[in-house]
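Data from target-v6.cif: mmCIF, C-alpha atoms and all ligand atoms
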```cif
data_work
#
loop_
_atom_site.label_atom_id
_atom_site.label_comp_id
_atom_site.auth_asym_id
_atom_site.auth_seq_id
_atom_site.Cartn_x
_atom_site.Cartn_y
_atom_site.Cartn_z
CA MET X 629 149.35 87.52 256.36
CA LEU X 630 146.36 88.00 258.67
CA ASN X 631 144.81 84.89 257.15
CA LEU X 632 147.83 82.85 258.23
CA LEU X 633 147.57 84.02 261.83
CA PHE X 634 143.79 83.93 261.99
CA PRO X 635 142.47 81.58 259.32
CA PRO X 636 138.87 82.53 258.50
CA ILE X 637 136.26 80.28 260.12
CA CYS X 638 132.68 79.37 259.26
CA PHE X 639 130.12 81.74 260.81
CA ALA X 640 127.89 78.77 261.62
CA CYS X 641 130.16 75.96 262.87
CA ASP X 642 133.48 77.74 263.62
CA GLN X 643 135.49 75.27 261.51
CA PRO X 644 138.32 76.73 259.41
CA LEU X 645 137.23 77.54 255.87
CA GLN X 646 138.77 75.75 252.89
CA ILE X 647 140.09 77.50 249.79
CA GLY X 648 137.16 78.77 247.74
CA GLU X 649 134.80 78.95 250.74
CA LYS X 650 133.66 82.35 251.99
CA ASP X 651 131.80 83.15 255.24
CA PHE X 652 130.35 79.63 255.56
CA CYS X 653 131.81 76.16 255.00
CA SER X 654 130.13 74.34 252.14
CA SER X 655 128.08 71.99 254.33
CA CYS X 656 126.67 74.86 256.45
CA LEU X 657 126.01 76.92 253.30
CA GLN X 658 124.15 73.95 251.85
CA ALA X 659 122.12 73.56 255.07
CA ILE X 660 121.23 77.28 255.10
CA THR X 661 120.35 77.80 251.46
CA ASN X 662 118.89 74.47 250.38
CA GLU X 663 115.12 74.82 250.85
CA GLU X 664 113.57 71.35 250.86
CA HIS X 665 109.90 72.27 251.08
CA HIS X 666 107.31 73.78 248.82
CA THR X 667 106.06 76.97 250.44
CA CYS X 668 102.99 79.17 250.24
CA PRO X 669 103.77 82.31 248.16
CA ARG X 670 101.53 84.31 250.48
CA CYS X 671 102.70 83.35 253.99
CA THR X 672 105.78 81.07 253.50
CA SER X 673 104.21 78.09 255.34
CA ASN X 674 105.09 74.58 254.22
CA VAL X 675 102.61 73.28 251.66
CA GLY X 676 102.29 70.06 249.69
CA GLN X 677 103.71 69.87 246.21
CA TYR X 678 100.22 69.86 244.64
CA THR X 679 98.41 72.22 247.03
CA ASP X 680 96.49 74.96 245.21
CA VAL X 681 98.06 78.14 246.58
CA SER X 682 96.47 80.62 244.16
CA LYS X 683 94.50 82.09 247.08
CA GLY X 684 96.96 81.21 249.81
CA CYS X 685 97.23 78.01 251.86
CA PRO X 686 95.11 76.54 254.70
CA SER X 687 97.20 78.53 257.24
CA CYS X 688 96.59 81.94 255.68
CA GLN X 689 93.42 81.76 253.57
CA ASN X 690 91.33 83.46 256.25
CA VAL X 691 93.98 85.91 257.41
CA LYS X 692 94.29 89.46 256.07
CA LEU X 693 97.90 90.02 255.04
CA TYR X 694 98.96 93.35 253.57
CA PHE X 695 102.05 92.15 251.73
CA ASP X 696 101.48 90.72 248.25
CA PHE X 697 104.07 87.94 248.27
CA ALA X 698 106.32 86.38 250.88
CA TYR X 699 109.44 84.29 250.56
CA ARG X 700 111.62 82.64 253.15
CA LEU X 701 115.15 81.38 253.01
CA GLY X 702 114.14 78.33 255.03
CA LEU X 703 112.56 76.91 258.15
CA TYR X 704 113.60 78.48 261.45
CA ASP X 705 115.40 75.33 262.49
CA ASP X 706 118.80 73.65 262.79
CA VAL X 707 121.73 75.54 261.23
CA LEU X 708 119.59 78.47 260.05
CA ARG X 709 118.20 79.01 263.55
CA LYS X 710 121.71 78.85 265.03
CA VAL X 711 123.09 81.43 262.59
CA LEU X 712 120.09 83.73 263.08
CA LEU X 713 120.54 83.67 266.84
CA ARG X 714 124.24 84.44 266.40
CA ALA X 715 123.34 87.28 264.03
CA LYS X 716 120.86 88.70 266.51
CA PHE X 717 122.76 88.41 269.77
CA GLY X 718 126.39 88.46 268.65
CA LYS X 719 128.44 91.49 269.65
CA LEU X 720 129.50 92.25 266.08
CA PRO X 721 127.33 92.66 262.98
CA SER X 722 129.59 90.37 260.90
CA THR X 723 127.47 87.19 261.24
CA GLY X 724 124.36 89.05 260.07
CA GLU X 725 126.28 90.58 257.18
CA ALA X 726 127.55 87.16 256.12
CA LEU X 727 124.08 85.62 256.38
CA GLY X 728 122.61 88.52 254.39
CA ARG X 729 125.16 88.02 251.60
CA ALA X 730 124.53 84.27 251.42
CA TRP X 731 120.75 84.78 251.47
CA ALA X 732 120.62 87.47 248.79
CA LYS X 733 122.90 85.45 246.55
CA ALA X 734 120.92 82.22 246.97
CA ASP X 735 117.46 83.79 246.53
CA ARG X 736 118.39 86.47 244.01
CA GLU X 737 116.51 85.05 241.06
CA ARG X 738 113.02 84.72 242.49
CA ILE X 739 113.15 88.14 244.16
CA ALA X 740 114.67 89.92 241.16
CA LYS X 741 111.76 88.79 239.00
CA HIS X 742 109.47 91.05 241.08
CA ALA X 743 111.74 93.98 240.16
CA PRO X 744 111.50 95.83 243.50
CA ASP X 745 112.37 99.55 243.37
CA VAL X 746 113.59 99.99 246.96
CA VAL X 747 114.37 97.81 249.99
CA LEU X 748 114.02 98.38 253.72
CA PRO X 749 113.95 96.33 256.95
CA VAL X 750 111.14 96.04 259.46
CA PRO X 751 112.40 98.63 261.94
CA LEU X 752 113.34 97.96 265.55
CA HIS X 753 112.37 100.43 268.24
CA TRP X 754 115.28 102.80 268.83
CA TRP X 755 116.01 101.65 272.37
CA ARG X 756 116.12 98.01 271.36
CA LYS X 757 118.48 98.88 268.55
CA LEU X 758 120.59 100.92 270.96
CA ARG X 759 120.78 98.04 273.42
CA ARG X 760 121.67 95.50 270.75
CA GLY X 761 123.92 97.82 268.75
CA PHE X 762 122.28 97.11 265.38
CA ASN X 763 119.11 95.85 263.74
CA GLN X 764 119.96 92.46 262.24
CA SER X 765 117.15 92.82 259.68
CA GLN X 766 118.83 96.01 258.47
CA LEU X 767 122.04 94.06 257.84
CA PHE X 768 119.98 91.71 255.65
CA SER X 769 118.22 94.52 253.78
CA GLU X 770 121.60 96.14 253.13
CA ALA X 771 122.78 92.89 251.54
CA TRP X 772 119.64 92.81 249.37
CA ALA X 773 120.17 96.41 248.25
CA LYS X 774 123.69 95.54 247.20
CA GLU X 775 122.77 92.29 245.47
CA LEU X 776 119.91 93.86 243.48
CA SER X 777 121.54 97.30 243.05
CA ILE X 778 118.48 99.12 244.37
CA PRO X 779 118.26 101.97 246.93
CA HIS X 780 118.29 100.98 250.61
CA VAL X 781 115.78 103.16 252.50
CA PRO X 782 115.78 102.01 256.16
CA ARG X 783 114.68 105.45 257.37
CA TRP X 784 111.42 105.50 255.42
CA LEU X 785 109.62 103.53 258.12
CA HIS X 786 110.07 103.72 261.88
CA ARG X 787 108.63 102.17 264.98
CA VAL X 788 106.49 104.58 266.98
CA ARG X 789 106.15 102.36 269.99
CA ALA X 790 108.00 99.41 271.42
CA THR X 791 106.03 96.20 271.65
CA PRO X 792 106.58 93.29 274.01
CA PRO X 793 108.29 90.32 272.34
CA GLN X 794 105.81 88.53 270.07
CA THR X 795 107.19 85.07 270.76
CA MET X 796 105.06 84.09 273.74
CA GLN X 797 101.71 85.29 272.43
CA SER X 798 98.73 83.79 270.67
CA PRO X 799 98.11 84.71 267.00
CA THR X 800 95.24 87.05 267.95
CA ALA X 801 97.26 88.76 270.66
CA ARG X 802 100.15 89.17 268.21
CA ARG X 803 97.94 90.95 265.71
CA GLU X 804 96.48 93.29 268.33
CA ASN X 805 99.86 93.88 269.93
CA ILE X 806 101.47 95.15 266.73
CA VAL X 807 98.68 97.44 265.42
CA GLY X 808 99.92 101.02 265.22
CA ALA X 809 103.53 100.08 265.99
CA PHE X 810 104.94 101.55 262.73
CA ALA X 811 104.75 104.89 260.95
CA VAL X 812 105.98 106.13 257.60
CA SER X 813 108.64 108.82 258.05
CA THR X 814 108.42 112.36 256.75
CA GLY X 815 110.07 112.53 253.35
CA ALA X 816 109.48 108.86 252.47
CA LYS X 817 108.32 108.40 248.87
CA PHE X 818 106.59 105.03 248.59
CA LYS X 819 104.04 106.19 246.05
CA GLY X 820 103.85 103.89 243.02
CA LEU X 821 106.84 101.77 244.08
CA LYS X 822 107.39 98.05 244.46
CA VAL X 823 108.86 97.63 247.90
CA LEU X 824 111.01 94.79 249.22
CA LEU X 825 110.42 94.47 252.98
CA VAL X 826 112.91 92.41 254.98
CA ASP X 827 112.56 90.71 258.35
CA ASP X 828 114.42 88.00 260.22
CA VAL X 829 111.71 85.58 261.34
CA LEU X 830 108.07 85.17 260.33
CA THR X 831 105.64 83.33 262.59
CA THR X 832 102.07 84.45 261.89
CA GLY X 833 103.09 87.27 259.57
CA SER X 834 101.40 89.92 261.71
CA THR X 835 104.51 92.10 262.17
CA LEU X 836 105.44 92.01 258.48
CA SER X 837 101.80 92.64 257.56
CA GLU X 838 101.42 95.66 259.84
CA ALA X 839 104.59 97.23 258.39
CA ALA X 840 103.35 96.44 254.86
CA LYS X 841 100.00 98.04 255.68
CA MET X 842 101.68 101.38 256.44
CA ILE X 843 103.76 101.17 253.26
CA LYS X 844 100.66 100.38 251.18
CA GLN X 845 98.72 103.23 252.80
CA ALA X 846 101.57 105.53 251.77
CA GLY X 847 100.89 104.59 248.15
CA ALA X 848 103.19 101.66 247.39
CA LYS X 849 102.07 99.54 244.45
CA GLU X 850 103.32 96.23 245.82
CA VAL X 851 105.07 94.89 248.91
CA ILE X 852 107.20 91.76 248.63
CA GLY X 853 108.08 90.36 252.03
CA VAL X 854 111.25 88.35 252.53
CA VAL X 855 112.27 86.63 255.75
CA VAL X 856 115.19 84.45 256.70
CA GLY X 857 113.29 81.90 258.76
CA HIS X 858 109.71 80.69 259.00
CA ARG X 859 108.78 79.52 262.47
CA GLY X 860 105.96 77.04 261.89
ZN ZN J 901 130.22 75.47 258.82
ZN ZN J 902 99.81 80.62 253.21
#
```
Take the structure in this file and express it as structure tokens.
Ligand SMILES: [Zn+2]
Ligand SMILES: [Zn+2]
Amino acid sequence: MLNLLFPPICFACDQPLQIGEKDFCSSCLQAITNEEHHTCPRCTSNVGQYTDVSKGCPSCQNVKLYFDFAYRLGLYDDVLRKVLLRAKFGKLPSTGEALGRAWAKADRERIAKHAPDVVLPVPLHWWRKLRRGFNQSQLFSEAWAKELSIPHVPRWLHRVRATPPQTMQSPTARRENIVGAFAVSTGAKFKGLKVLLVDDVLTTGSTLSEAAKMIKQAGAKEVIGVVVGHRG
């Protein structure tokens, strides 16, 4: 009955959904989940089909990154960028939840092969979360927990200080800016685990790496980073 009064619409383009479509219309879903590039398994940058990435790619070979692998859903561009911005700044968490479901479903296979034990998001500082109402990365990590049937442990890591937005800064400034921003919470049990760490956007990887560093220092065996968008 509700569907007759308010037919469900696509979270990306607002067009009414057809029978069999859920959350996104098929053309937006295709745009979001169809990765066209080969990517570096260490930093998610675009690489050529035949680039040797066994030790990373030209963008990351000389950079220390504390996560062991990194995967992206796609480039931070076009439809994916639009949906991410809606997920981040929308008043309701539903867009982020829908994007998380589509992402975890589309990328399930390559993440499942790492057999992560637990999943958590890169935390937001509490006041930013309070202002926004939710942490969009936590909506994504929730979707991953559900898709892989593994424990969701968002409280195991927290942000000890707020940092200015990373967007406007140079790569070096970004790395310095984020050092010491995260801490492992009392009661967290990372020791010996493979940890899936979720964030929304990766640019230089410094935020994801700093969070991974804390998790590794707490004894984790492996950190697999996953991000929705790579901003090249
Ligand atoms: Zn659409
Ligand atoms: Zn790379």
Which is closest to X:Arg736 among X:Lys650, X:Lys841, X:Lys774, X:Lys757, if we use only C-alpha atoms?
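Result for the nearest residue to X:Arg736: X:Lys774.
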Give as a PDB file with C-alpha atoms, in the coordinates of the input the residues surrounding ligand ZN 902 (chain J) up to a distance of 10 Å, considering all atoms listed in the file.
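As a result, selection_25.pdb now contains:
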```
ATOM      1  CA  THR X 667     106.060  76.970 250.440  1.00  0.00           C
ATOM      2  CA  CYS X 668     102.990  79.170 250.240  1.00  0.00           C
ATOM      3  CA  PRO X 669     103.770  82.310 248.160  1.00  0.00           C
ATOM      4  CA  ARG X 670     101.530  84.310 250.480  1.00  0.00           C
ATOM      5  CA  CYS X 671     102.700  83.350 253.990  1.00  0.00           C
ATOM      6  CA  THR X 672     105.780  81.070 253.500  1.00  0.00           C
ATOM      7  CA  SER X 673     104.210  78.090 255.340  1.00  0.00           C
ATOM      8  CA  ASN X 674     105.090  74.580 254.220  1.00  0.00           C
ATOM      9  CA  VAL X 675     102.610  73.280 251.660  1.00  0.00           C
ATOM     10  CA  VAL X 681      98.060  78.140 246.580  1.00  0.00           C
ATOM     11  CA  SER X 682      96.470  80.620 244.160  1.00  0.00           C
ATOM     12  CA  LYS X 683      94.500  82.090 247.080  1.00  0.00           C
ATOM     13  CA  GLY X 684      96.960  81.210 249.810  1.00  0.00           C
ATOM     14  CA  CYS X 685      97.230  78.010 251.860  1.00  0.00           C
ATOM     15  CA  PRO X 686      95.110  76.540 254.700  1.00  0.00           C
ATOM     16  CA  SER X 687      97.200  78.530 257.240  1.00  0.00           C
ATOM     17  CA  CYS X 688      96.590  81.940 255.680  1.00  0.00           C
ATOM     18  CA  GLN X 689      93.420  81.760 253.570  1.00  0.00           C
ATOM     19  CA  ASN X 690      91.330  83.460 256.250  1.00  0.00           C
ATOM     20  CA  VAL X 691      93.980  85.910 257.410  1.00  0.00           C
ATOM     21  CA  LEU X 693      97.900  90.020 255.040  1.00  0.00           C
ATOM     22  CA  PHE X 697     104.070  87.940 248.270  1.00  0.00           C
ATOM     23  CA  ALA X 698     106.320  86.380 250.880  1.00  0.00           C
ATOM     24  CA  THR X 832     102.070  84.450 261.890  1.00  0.00           C
ATOM     25  CA  GLY X 833     103.090  87.270 259.570  1.00  0.00           C
TER      26      GLY X 833
END
```
Using only C-alpha atoms, which protein or nucleic acid residues come within 8 Å of stretch 809-815 of chain X? Drop anything in the same chain fewer than 6 positions from it, and give the result as a list in words.
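Listing them by chain and then by number gives Arg783, Trp784, Leu785, His786, Arg787, Val788, Arg789, Ala790, Thr791, Glu838, Ala839, Met842, Ile843 and Ala846 of chain X.
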Around ligand ZN 901 (chain J), at most 10 Å away and counting only C-alpha atoms and all ligand atoms, which residues are there? Put them as a ChimeraX atom specification, please.
/X:637-645,649,651-660,707
Give me, as a ChimeraX atom specification, all polymer residues having an atom no more than 10 Å from X:Ala771, counting all atoms listed in the file and skipping those fewer than 4 positions away in the same chain.
/X:724-733,747,765-767,775-777,780
Taking all listed atoms of stretch 818-825 of chain X, build the axis-aligned box, pad each of the six sides by 3 Å, then write its centre and edge lengths in Å to one decimal as AutoDock Vina command-line options.
```
--center_x 107.4 --center_y 100.3 --center_z 248.0 --size_x 13.2 --size_y 17.7 --size_z 16.0
```
Do you know which residues are at most 9 Å from X:Lys716 counting all atoms listed in the file, after dropping those on the same chain fewer than 2 positions away, and could you put them as a JSON list (two decimals) with C-alpha atoms, keeping the file's coordinate frame?
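Contents of out19.json, freshly written:
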```
[["chain", "number", "residue", "atom", "x", "y", "z"],
["X", 711, "VAL", "CA", 123.09, 81.43, 262.59],
["X", 712, "LEU", "CA", 120.09, 83.73, 263.08],
["X", 713, "LEU", "CA", 120.54, 83.67, 266.84],
["X", 714, "ARG", "CA", 124.24, 84.44, 266.40],
["X", 718, "GLY", "CA", 126.39, 88.46, 268.65],
["X", 719, "LYS", "CA", 128.44, 91.49, 269.65],
["X", 721, "PRO", "CA", 127.33, 92.66, 262.98],
["X", 723, "THR", "CA", 127.47, 87.19, 261.24],
["X", 724, "GLY", "CA", 124.36, 89.05, 260.07],
["X", 760, "ARG", "CA", 121.67, 95.50, 270.75],
["X", 762, "PHE", "CA", 122.28, 97.11, 265.38],
["X", 763, "ASN", "CA", 119.11, 95.85, 263.74],
["X", 764, "GLN", "CA", 119.96, 92.46, 262.24],
["X", 765, "SER", "CA", 117.15, 92.82, 259.68]]
```
What separation in Å, quoted to one decimal, exists between atom CA of X:Gly860 and atom CA of X:Leu703?
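Pair atom CA of X:Gly860 / atom CA of X:Leu703 returns 7.6 Å.
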Quick one: of X:Asp706, X:Pro782, X:Arg759, X:Ile852, who's nearest to X:Arg738, counting all atoms listed in the file?
X:Ile852
Rank X:Ala801, X:Val823, X:Ala715, X:Ile647 by their smallest atom-to-atom distance to X:Asp745, using only C-alpha atoms, and report the top residue only.
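Looking at the shortest contact to X:Asp745, the residue is X:Val823.
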Nearest to X:Glu663, chosen from X:Ala816, X:Ile778, X:Leu701, X:Ala743, with only C-alpha atoms counted in the distances
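Result for the nearest residue to X:Glu663: X:Leu701.
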Among listed residues X:Arg802, X:Leu708, X:Pro779, X:Phe717, nearest X:Val829 (using all atoms listed in the file)
X:Leu708
Please report the interatomic distance between atom CA of X:Phe818 and atom CA of X:Trp754 in Å with one decimal.
22.1 Å
For a test of reading the model, state the distance in Å between atom CA of X:Val854 and atom CA of X:Gly820, rounded to one decimal.
19.7 Å
Residue nearest X:Lys817 among X:Ser722, X:Asn662, X:Gln845, X:Gln646 (counting all atoms listed in the file):
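Smallest distance to X:Lys817 is found for X:Gln845.
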Got a sec: who's within 8 Å of X:Ala840, counting only C-alpha atoms, leaving out chain neighbours fewer than 4 positions off, as a PyMOL selection string?
chain X and resi 694-695+825+836+844+851
